[in-house]
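For reference, the structure is listed below as structure tokens.
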Amino acid sequence: MSLNQLTMTDVISDIIETLAMMTVEPAEKFGEFTPDFIGHIDFDGSVTGRLFLECTDEFASILAENLLGIDIDGLEEAHKWDAIGEFLNIICGNIVTEIFDNEKSFTLSSPQVNFVEKETWQANKDSNTDGQEVITFLADGFPIRFVLKVNN
Amino acid sequence: MSVNIMIVDDSVTIRMMIKKALYISLGDELGQVYEANDGISALAQIADNNMDLLMIDLNMPRMNGVQLISRLKTNPKYSEIPIVVISTEGSEQRIKELEEMGISGYIRKPFRPEQIREILSNILEVCYESQSADDDGCDF
């Protein structure tokens with residue numbers, strides 16, 4: 001595991017535990033994991049790049065419930081999308097300052113969250129991720145994956 | 001006494017989290033809680049209502065937090081309203097810029113409700129003191 005991956009693991013684990021109030025453990029391999037949502041956010045500062053988050057509908061529901069403090073019966077689809085976006089925003093803001101630069105500021109884009117097209121996902125799931133930092137976790141037993149892509 | 005607070009953040013999740021922390025922190029002292037999802041919407045509501053404290057995110061569409069703070073701090077009508085920034089941006093450069101603009105506090109996301117309680121208590125204490133000294137402090 002690279003230094004960047006170790007830092008990502010620490011930062012993300014801490015945020016999942018404290019903000020999302022979920023148990024978290026790093027997971028080396030996902031196995032047959034197909035996400036329901038994929039989100040991304042761009043960062044621009046001393047380096048530029050993009051952070052991706054892939055997660056299941058179950059994870060998104062628990063995340064939204066915990067962040068908003070509302071019961072699953074009161075949960076709307078929009079809550080899940082917003083919760084994923086804000087979760088990604090917070091994680092990206094913390095990662096870029098921890099890994100790249102704690103002194104100069106970064107500009108973050110608005111997070112984008114989309115449903116995953118299963119067929120497209122299956123076709124591209126083994127695409128090359130060389131040069132990208134990939135970290136996988138199990139949060140409350142549900143898989144989530146982060147991919148950090150830095151532009152050269 | 002009641003404190004009217006506006007939360008300016010484009011995430012409904014964060015607005016709900018802050019609102020919950022405000023209820024826990026201020027209890028009966030909490031007056032009206034206003035919400036805006038960008039700087040333009042915030043300015044419109046600030047013009048129509050009495051705000052005692054503004055809690056502002058930085059990364060928002062249309063008019064971001066820095067632009068909003070700049071507009072408020074250069075307008076004598078609103079320049080004395082205490083501003084707390086709640087953001088993911090935690091660089092030393094950014095915090096210094098914001099302090100120079102005149103913000104009263106900064107909380108980095110993810111935040112704990114206790115951080116909101118602590119910063120509110122500090123700001124409100126200063127307001128109470130300046131109010132009792134010359135009656136020219138915060139307007140509540």
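We label chains A, B, ... in the order they appear in the structure tokens, count residues from 1 in each chain, and number ligands from 1 in the order shown.
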Polymer residues at most 10 Å from B:Gly31, only C-alpha atoms, same-chain spacing of 5 or more positions, as a PyMOL selection string: chain B and resi 1-5+23+26+51-52+140
Exercise answer, chain A residues close to chain B, 9 Å and only C-alpha atoms, as a PyMOL selection string: chain A and resi 15+18-19+64+67-69+79+82-83+85-87+89-94+97+101-110
Coordinates-based distance that separates atom CA of A:Thr9 from atom CA of A:Phe142 (Å, one decimal): 16.2 Å
Distance query A:Glu17 at most 12 Å, only C-alpha atoms, self and fewer than 4 positions along chain excluded, as a ChimeraX atom specification: /A:9-13,21-25,63,66-67,137-140 /B:110,112
DSSP strand (DSSP E) residues within chain A, as JSON, numbers by chain: {"A": [24, 25, 26, 37, 38, 39, 40, 41, 42, 43, 44, 48, 49, 50, 51, 52, 53, 54, 55, 107, 108, 112, 113, 114, 115, 133, 134, 135, 136, 137, 138, 139, 142, 143, 144, 145, 146, 147, 148, 149, 150]}
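Of note, atom CA of A:Ser61 and atom CA of A:Asp42 are spaced 24.1 Å apart.
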Which polymer residues have any atom within 9 Å of an atom of stretch 66-82 of chain B, counting only C-alpha atoms, with same-chain residues fewer than 3 positions away left out, as a PDB file with all heavy atoms, in the first residue's frame?
ATOM      1  N   ASP B  38     -27.650  29.006  -1.731  1.00  0.00           N
ATOM      2  CA  ASP B  38     -26.532  29.714  -2.371  1.00  0.00           C
ATOM      3  C   ASP B  38     -26.529  31.161  -1.902  1.00  0.00           C
ATOM      4  O   ASP B  38     -27.438  31.607  -1.196  1.00  0.00           O
ATOM      5  CB  ASP B  38     -26.611  29.623  -3.904  1.00  0.00           C
ATOM      6  CG  ASP B  38     -27.876  30.248  -4.463  1.00  0.00           C
ATOM      7  OD1 ASP B  38     -28.227  31.363  -4.049  1.00  0.00           O
ATOM      8  OD2 ASP B  38     -28.513  29.611  -5.317  1.00  0.00           O
ATOM      9  N   GLY B  39     -25.497  31.893  -2.306  1.00  0.00           N
ATOM     10  CA  GLY B  39     -25.336  33.263  -1.832  1.00  0.00           C
ATOM     11  C   GLY B  39     -26.438  34.206  -2.278  1.00  0.00           C
ATOM     12  O   GLY B  39     -26.841  35.101  -1.529  1.00  0.00           O
ATOM     13  N   ILE B  40     -26.932  34.007  -3.472  1.00  0.00           N
ATOM     14  CA  ILE B  40     -27.967  34.915  -3.995  1.00  0.00           C
ATOM     15  C   ILE B  40     -29.250  34.773  -3.192  1.00  0.00           C
ATOM     16  O   ILE B  40     -29.874  35.760  -2.770  1.00  0.00           O
ATOM     17  CB  ILE B  40     -28.209  34.636  -5.501  1.00  0.00           C
ATOM     18  CG1 ILE B  40     -26.964  35.071  -6.281  1.00  0.00           C
ATOM     19  CG2 ILE B  40     -29.445  35.375  -6.002  1.00  0.00           C
ATOM     20  CD1 ILE B  40     -26.977  34.718  -7.743  1.00  0.00           C
ATOM     21  N   ALA B  42     -29.427  33.685  -0.204  1.00  0.00           N
ATOM     22  CA  ALA B  42     -29.137  34.174   1.153  1.00  0.00           C
ATOM     23  C   ALA B  42     -29.289  35.688   1.225  1.00  0.00           C
ATOM     24  O   ALA B  42     -29.928  36.217   2.140  1.00  0.00           O
ATOM     25  CB  ALA B  42     -27.725  33.766   1.563  1.00  0.00           C
ATOM     26  N   LEU B  43     -28.728  36.399   0.251  1.00  0.00           N
ATOM     27  CA  LEU B  43     -28.802  37.868   0.260  1.00  0.00           C
ATOM     28  C   LEU B  43     -30.249  38.346   0.259  1.00  0.00           C
ATOM     29  O   LEU B  43     -30.604  39.293   0.963  1.00  0.00           O
ATOM     30  CB  LEU B  43     -28.070  38.439  -0.956  1.00  0.00           C
ATOM     31  CG  LEU B  43     -26.544  38.512  -0.880  1.00  0.00           C
ATOM     32  CD1 LEU B  43     -25.963  39.014  -2.198  1.00  0.00           C
ATOM     33  CD2 LEU B  43     -26.088  39.402   0.275  1.00  0.00           C
ATOM     34  N   ILE B  46     -31.649  37.774   3.738  1.00  0.00           N
ATOM     35  CA  ILE B  46     -31.014  38.659   4.736  1.00  0.00           C
ATOM     36  C   ILE B  46     -31.617  40.062   4.632  1.00  0.00           C
ATOM     37  O   ILE B  46     -31.816  40.745   5.636  1.00  0.00           O
ATOM     38  CB  ILE B  46     -29.476  38.687   4.526  1.00  0.00           C
ATOM     39  CG1 ILE B  46     -28.879  37.330   4.903  1.00  0.00           C
ATOM     40  CG2 ILE B  46     -28.828  39.788   5.367  1.00  0.00           C
ATOM     41  CD1 ILE B  46     -27.450  37.109   4.413  1.00  0.00           C
ATOM     42  N   ALA B  47     -31.936  40.470   3.416  1.00  0.00           N
ATOM     43  CA  ALA B  47     -32.521  41.800   3.223  1.00  0.00           C
ATOM     44  C   ALA B  47     -33.923  41.896   3.826  1.00  0.00           C
ATOM     45  O   ALA B  47     -34.352  42.971   4.239  1.00  0.00           O
ATOM     46  CB  ALA B  47     -32.576  42.119   1.729  1.00  0.00           C
ATOM     47  N   MET B  51     -31.203  38.915  10.937  1.00  0.00           N
ATOM     48  CA  MET B  51     -30.350  37.758  11.224  1.00  0.00           C
ATOM     49  C   MET B  51     -29.366  38.135  12.333  1.00  0.00           C
ATOM     50  O   MET B  51     -28.774  39.221  12.297  1.00  0.00           O
ATOM     51  CB  MET B  51     -29.541  37.362   9.983  1.00  0.00           C
ATOM     52  CG  MET B  51     -30.363  37.075   8.758  1.00  0.00           C
ATOM     53  SD  MET B  51     -31.315  35.575   8.915  1.00  0.00           S
ATOM     54  CE  MET B  51     -32.170  35.587   7.330  1.00  0.00           C
ATOM     55  N   ASP B  52     -29.174  37.231  13.272  1.00  0.00           N
ATOM     56  CA  ASP B  52     -28.203  37.456  14.338  1.00  0.00           C
ATOM     57  C   ASP B  52     -26.886  36.738  14.075  1.00  0.00           C
ATOM     58  O   ASP B  52     -25.861  37.078  14.650  1.00  0.00           O
ATOM     59  CB  ASP B  52     -28.775  36.962  15.669  1.00  0.00           C
ATOM     60  CG  ASP B  52     -30.046  37.702  16.020  1.00  0.00           C
ATOM     61  OD1 ASP B  52     -30.018  38.944  16.005  1.00  0.00           O
ATOM     62  OD2 ASP B  52     -31.066  37.036  16.290  1.00  0.00           O
ATOM     63  N   LEU B  53     -26.940  35.721  13.230  1.00  0.00           N
ATOM     64  CA  LEU B  53     -25.736  34.929  12.955  1.00  0.00           C
ATOM     65  C   LEU B  53     -25.912  34.210  11.615  1.00  0.00           C
ATOM     66  O   LEU B  53     -27.011  33.734  11.305  1.00  0.00           O
ATOM     67  CB  LEU B  53     -25.535  33.896  14.074  1.00  0.00           C
ATOM     68  CG  LEU B  53     -24.347  32.949  13.962  1.00  0.00           C
ATOM     69  CD1 LEU B  53     -23.031  33.693  14.163  1.00  0.00           C
ATOM     70  CD2 LEU B  53     -24.445  31.825  14.995  1.00  0.00           C
ATOM     71  N   LEU B  54     -24.831  34.159  10.847  1.00  0.00           N
ATOM     72  CA  LEU B  54     -24.874  33.457   9.563  1.00  0.00           C
ATOM     73  C   LEU B  54     -23.872  32.313   9.579  1.00  0.00           C
ATOM     74  O   LEU B  54     -22.719  32.502   9.988  1.00  0.00           O
ATOM     75  CB  LEU B  54     -24.525  34.418   8.417  1.00  0.00           C
ATOM     76  CG  LEU B  54     -25.349  35.702   8.333  1.00  0.00           C
ATOM     77  CD1 LEU B  54     -24.770  36.631   7.274  1.00  0.00           C
ATOM     78  CD2 LEU B  54     -26.799  35.387   8.003  1.00  0.00           C
ATOM     79  N   MET B  55     -24.299  31.135   9.139  1.00  0.00           N
ATOM     80  CA  MET B  55     -23.398  29.983   9.028  1.00  0.00           C
ATOM     81  C   MET B  55     -23.294  29.647   7.545  1.00  0.00           C
ATOM     82  O   MET B  55     -24.285  29.246   6.922  1.00  0.00           O
ATOM     83  CB  MET B  55     -23.939  28.806   9.844  1.00  0.00           C
ATOM     84  CG  MET B  55     -24.294  29.248  11.256  1.00  0.00           C
ATOM     85  SD  MET B  55     -24.620  27.910  12.399  1.00  0.00           S
ATOM     86  CE  MET B  55     -22.993  27.446  12.856  1.00  0.00           C
ATOM     87  N   ILE B  56     -22.107  29.836   6.974  1.00  0.00           N
ATOM     88  CA  ILE B  56     -21.966  29.849   5.511  1.00  0.00           C
ATOM     89  C   ILE B  56     -20.952  28.816   5.026  1.00  0.00           C
ATOM     90  O   ILE B  56     -19.820  28.751   5.526  1.00  0.00           O
ATOM     91  CB  ILE B  56     -21.525  31.262   5.044  1.00  0.00           C
ATOM     92  CG1 ILE B  56     -22.586  32.306   5.454  1.00  0.00           C
ATOM     93  CG2 ILE B  56     -21.307  31.308   3.547  1.00  0.00           C
ATOM     94  CD1 ILE B  56     -22.185  33.749   5.124  1.00  0.00           C
ATOM     95  N   ASP B  57     -21.378  28.047   4.031  1.00  0.00           N
ATOM     96  CA  ASP B  57     -20.473  27.119   3.341  1.00  0.00           C
ATOM     97  C   ASP B  57     -19.699  27.909   2.281  1.00  0.00           C
ATOM     98  O   ASP B  57     -20.114  29.013   1.899  1.00  0.00           O
ATOM     99  CB  ASP B  57     -21.316  26.011   2.685  1.00  0.00           C
ATOM    100  CG  ASP B  57     -20.470  24.986   1.940  1.00  0.00           C
ATOM    101  OD1 ASP B  57     -19.307  24.771   2.324  1.00  0.00           O
ATOM    102  OD2 ASP B  57     -20.981  24.402   0.962  1.00  0.00           O
ATOM    103  N   LEU B  58     -18.597  27.400   1.792  1.00  0.00           N
ATOM    104  CA  LEU B  58     -17.830  28.120   0.770  1.00  0.00           C
ATOM    105  C   LEU B  58     -18.158  27.654  -0.639  1.00  0.00           C
ATOM    106  O   LEU B  58     -18.293  28.446  -1.560  1.00  0.00           O
ATOM    107  CB  LEU B  58     -16.324  27.943   1.017  1.00  0.00           C
ATOM    108  CG  LEU B  58     -15.772  28.550   2.304  1.00  0.00           C
ATOM    109  CD1 LEU B  58     -14.266  28.314   2.393  1.00  0.00           C
ATOM    110  CD2 LEU B  58     -16.078  30.038   2.406  1.00  0.00           C
ATOM    111  N   ASN B  59     -18.290  26.350  -0.795  1.00  0.00           N
ATOM    112  CA  ASN B  59     -18.420  25.775  -2.131  1.00  0.00           C
ATOM    113  C   ASN B  59     -19.892  25.653  -2.515  1.00  0.00           C
ATOM    114  O   ASN B  59     -20.554  24.683  -2.159  1.00  0.00           O
ATOM    115  CB  ASN B  59     -17.732  24.398  -2.142  1.00  0.00           C
ATOM    116  CG  ASN B  59     -17.635  23.803  -3.518  1.00  0.00           C
ATOM    117  OD1 ASN B  59     -17.711  24.513  -4.518  1.00  0.00           O
ATOM    118  ND2 ASN B  59     -17.478  22.489  -3.579  1.00  0.00           N
ATOM    119  N   MET B  63     -23.521  31.915  -6.386  1.00  0.00           N
ATOM    120  CA  MET B  63     -22.651  32.827  -5.632  1.00  0.00           C
ATOM    121  C   MET B  63     -22.050  32.030  -4.477  1.00  0.00           C
ATOM    122  O   MET B  63     -22.779  31.546  -3.608  1.00  0.00           O
ATOM    123  CB  MET B  63     -23.444  34.015  -5.087  1.00  0.00           C
ATOM    124  CG  MET B  63     -22.567  34.982  -4.292  1.00  0.00           C
ATOM    125  SD  MET B  63     -23.499  36.244  -3.395  1.00  0.00           S
ATOM    126  CE  MET B  63     -23.985  37.312  -4.735  1.00  0.00           C
ATOM    127  N   LEU B  98     -10.090  34.231   5.105  1.00  0.00           N
ATOM    128  CA  LEU B  98     -11.422  34.418   5.704  1.00  0.00           C
ATOM    129  C   LEU B  98     -11.342  35.252   6.978  1.00  0.00           C
ATOM    130  O   LEU B  98     -12.201  36.106   7.221  1.00  0.00           O
ATOM    131  CB  LEU B  98     -12.058  33.048   5.999  1.00  0.00           C
ATOM    132  CG  LEU B  98     -12.435  32.228   4.764  1.00  0.00           C
ATOM    133  CD1 LEU B  98     -12.709  30.782   5.138  1.00  0.00           C
ATOM    134  CD2 LEU B  98     -13.648  32.835   4.070  1.00  0.00           C
ATOM    135  N   MET B 101     -11.105  38.731   6.159  1.00  0.00           N
ATOM    136  CA  MET B 101     -12.391  39.278   5.695  1.00  0.00           C
ATOM    137  C   MET B 101     -13.309  39.597   6.871  1.00  0.00           C
ATOM    138  O   MET B 101     -14.335  40.245   6.691  1.00  0.00           O
ATOM    139  CB  MET B 101     -13.079  38.272   4.759  1.00  0.00           C
ATOM    140  CG  MET B 101     -12.376  38.099   3.426  1.00  0.00           C
ATOM    141  SD  MET B 101     -13.158  36.823   2.415  1.00  0.00           S
ATOM    142  CE  MET B 101     -14.524  37.738   1.707  1.00  0.00           C
ATOM    143  N   GLY B 102     -12.975  39.084   8.048  1.00  0.00           N
ATOM    144  CA  GLY B 102     -13.758  39.444   9.234  1.00  0.00           C
ATOM    145  C   GLY B 102     -14.722  38.398   9.744  1.00  0.00           C
ATOM    146  O   GLY B 102     -15.667  38.719  10.466  1.00  0.00           O
ATOM    147  N   ILE B 103     -14.481  37.120   9.400  1.00  0.00           N
ATOM    148  CA  ILE B 103     -15.387  36.093   9.940  1.00  0.00           C
ATOM    149  C   ILE B 103     -15.152  35.912  11.438  1.00  0.00           C
ATOM    150  O   ILE B 103     -14.072  36.208  11.943  1.00  0.00           O
ATOM    151  CB  ILE B 103     -15.246  34.731   9.206  1.00  0.00           C
ATOM    152  CG1 ILE B 103     -13.870  34.115   9.445  1.00  0.00           C
ATOM    153  CG2 ILE B 103     -15.550  34.876   7.737  1.00  0.00           C
ATOM    154  CD1 ILE B 103     -13.813  32.627   9.138  1.00  0.00           C
ATOM    155  N   SER B 104     -16.177  35.409  12.117  1.00  0.00           N
ATOM    156  CA  SER B 104     -16.078  35.230  13.574  1.00  0.00           C
ATOM    157  C   SER B 104     -15.640  33.827  13.962  1.00  0.00           C
ATOM    158  O   SER B 104     -15.226  33.599  15.102  1.00  0.00           O
ATOM    159  CB  SER B 104     -17.440  35.504  14.226  1.00  0.00           C
ATOM    160  OG  SER B 104     -17.867  36.794  13.909  1.00  0.00           O
ATOM    161  N   GLY B 105     -15.771  32.877  13.050  1.00  0.00           N
ATOM    162  CA  GLY B 105     -15.385  31.507  13.393  1.00  0.00           C
ATOM    163  C   GLY B 105     -15.317  30.629  12.158  1.00  0.00           C
ATOM    164  O   GLY B 105     -15.875  30.963  11.106  1.00  0.00           O
ATOM    165  N   ILE B 123     -19.218  33.174  20.422  1.00  0.00           N
ATOM    166  CA  ILE B 123     -19.704  34.341  19.673  1.00  0.00           C
ATOM    167  C   ILE B 123     -20.812  35.051  20.453  1.00  0.00           C
ATOM    168  O   ILE B 123     -20.819  36.276  20.587  1.00  0.00           O
ATOM    169  CB  ILE B 123     -20.223  33.915  18.283  1.00  0.00           C
ATOM    170  CG1 ILE B 123     -19.052  33.491  17.415  1.00  0.00           C
ATOM    171  CG2 ILE B 123     -20.986  35.053  17.615  1.00  0.00           C
ATOM    172  CD1 ILE B 123     -19.457  32.821  16.127  1.00  0.00           C
ATOM    173  N   GLY B 137     -24.100  46.043  20.372  1.00  0.00           N
ATOM    174  CA  GLY B 137     -23.610  44.733  19.942  1.00  0.00           C
ATOM    175  C   GLY B 137     -24.623  44.040  19.048  1.00  0.00           C
ATOM    176  O   GLY B 137     -25.290  44.671  18.245  1.00  0.00           O
ATOM    177  N   CYS B 138     -24.732  42.727  19.203  1.00  0.00           N
ATOM    178  CA  CYS B 138     -25.639  41.960  18.356  1.00  0.00           C
ATOM    179  C   CYS B 138     -27.078  42.335  18.666  1.00  0.00           C
ATOM    180  O   CYS B 138     -27.427  42.649  19.799  1.00  0.00           O
ATOM    181  CB  CYS B 138     -25.396  40.475  18.590  1.00  0.00           C
ATOM    182  SG  CYS B 138     -23.655  40.062  18.463  1.00  0.00           S
ATOM    183  N   ASP B 139     -27.898  42.279  17.691  1.00  0.00           N
ATOM    184  CA  ASP B 139     -29.248  42.815  17.784  1.00  0.00           C
ATOM    185  C   ASP B 139     -30.257  41.750  18.204  1.00  0.00           C
ATOM    186  O   ASP B 139     -31.116  41.359  17.434  1.00  0.00           O
ATOM    187  CB  ASP B 139     -29.629  43.417  16.418  1.00  0.00           C
ATOM    188  CG  ASP B 139     -30.905  44.213  16.513  1.00  0.00           C
ATOM    189  OD1 ASP B 139     -31.258  44.621  17.627  1.00  0.00           O
ATOM    190  OD2 ASP B 139     -31.552  44.415  15.467  1.00  0.00           O
TER     191      ASP B 139
END
Two-atom distance - atom CA of A:Asp71, atom CA of A:Asp57 (Å): 15.6 Å
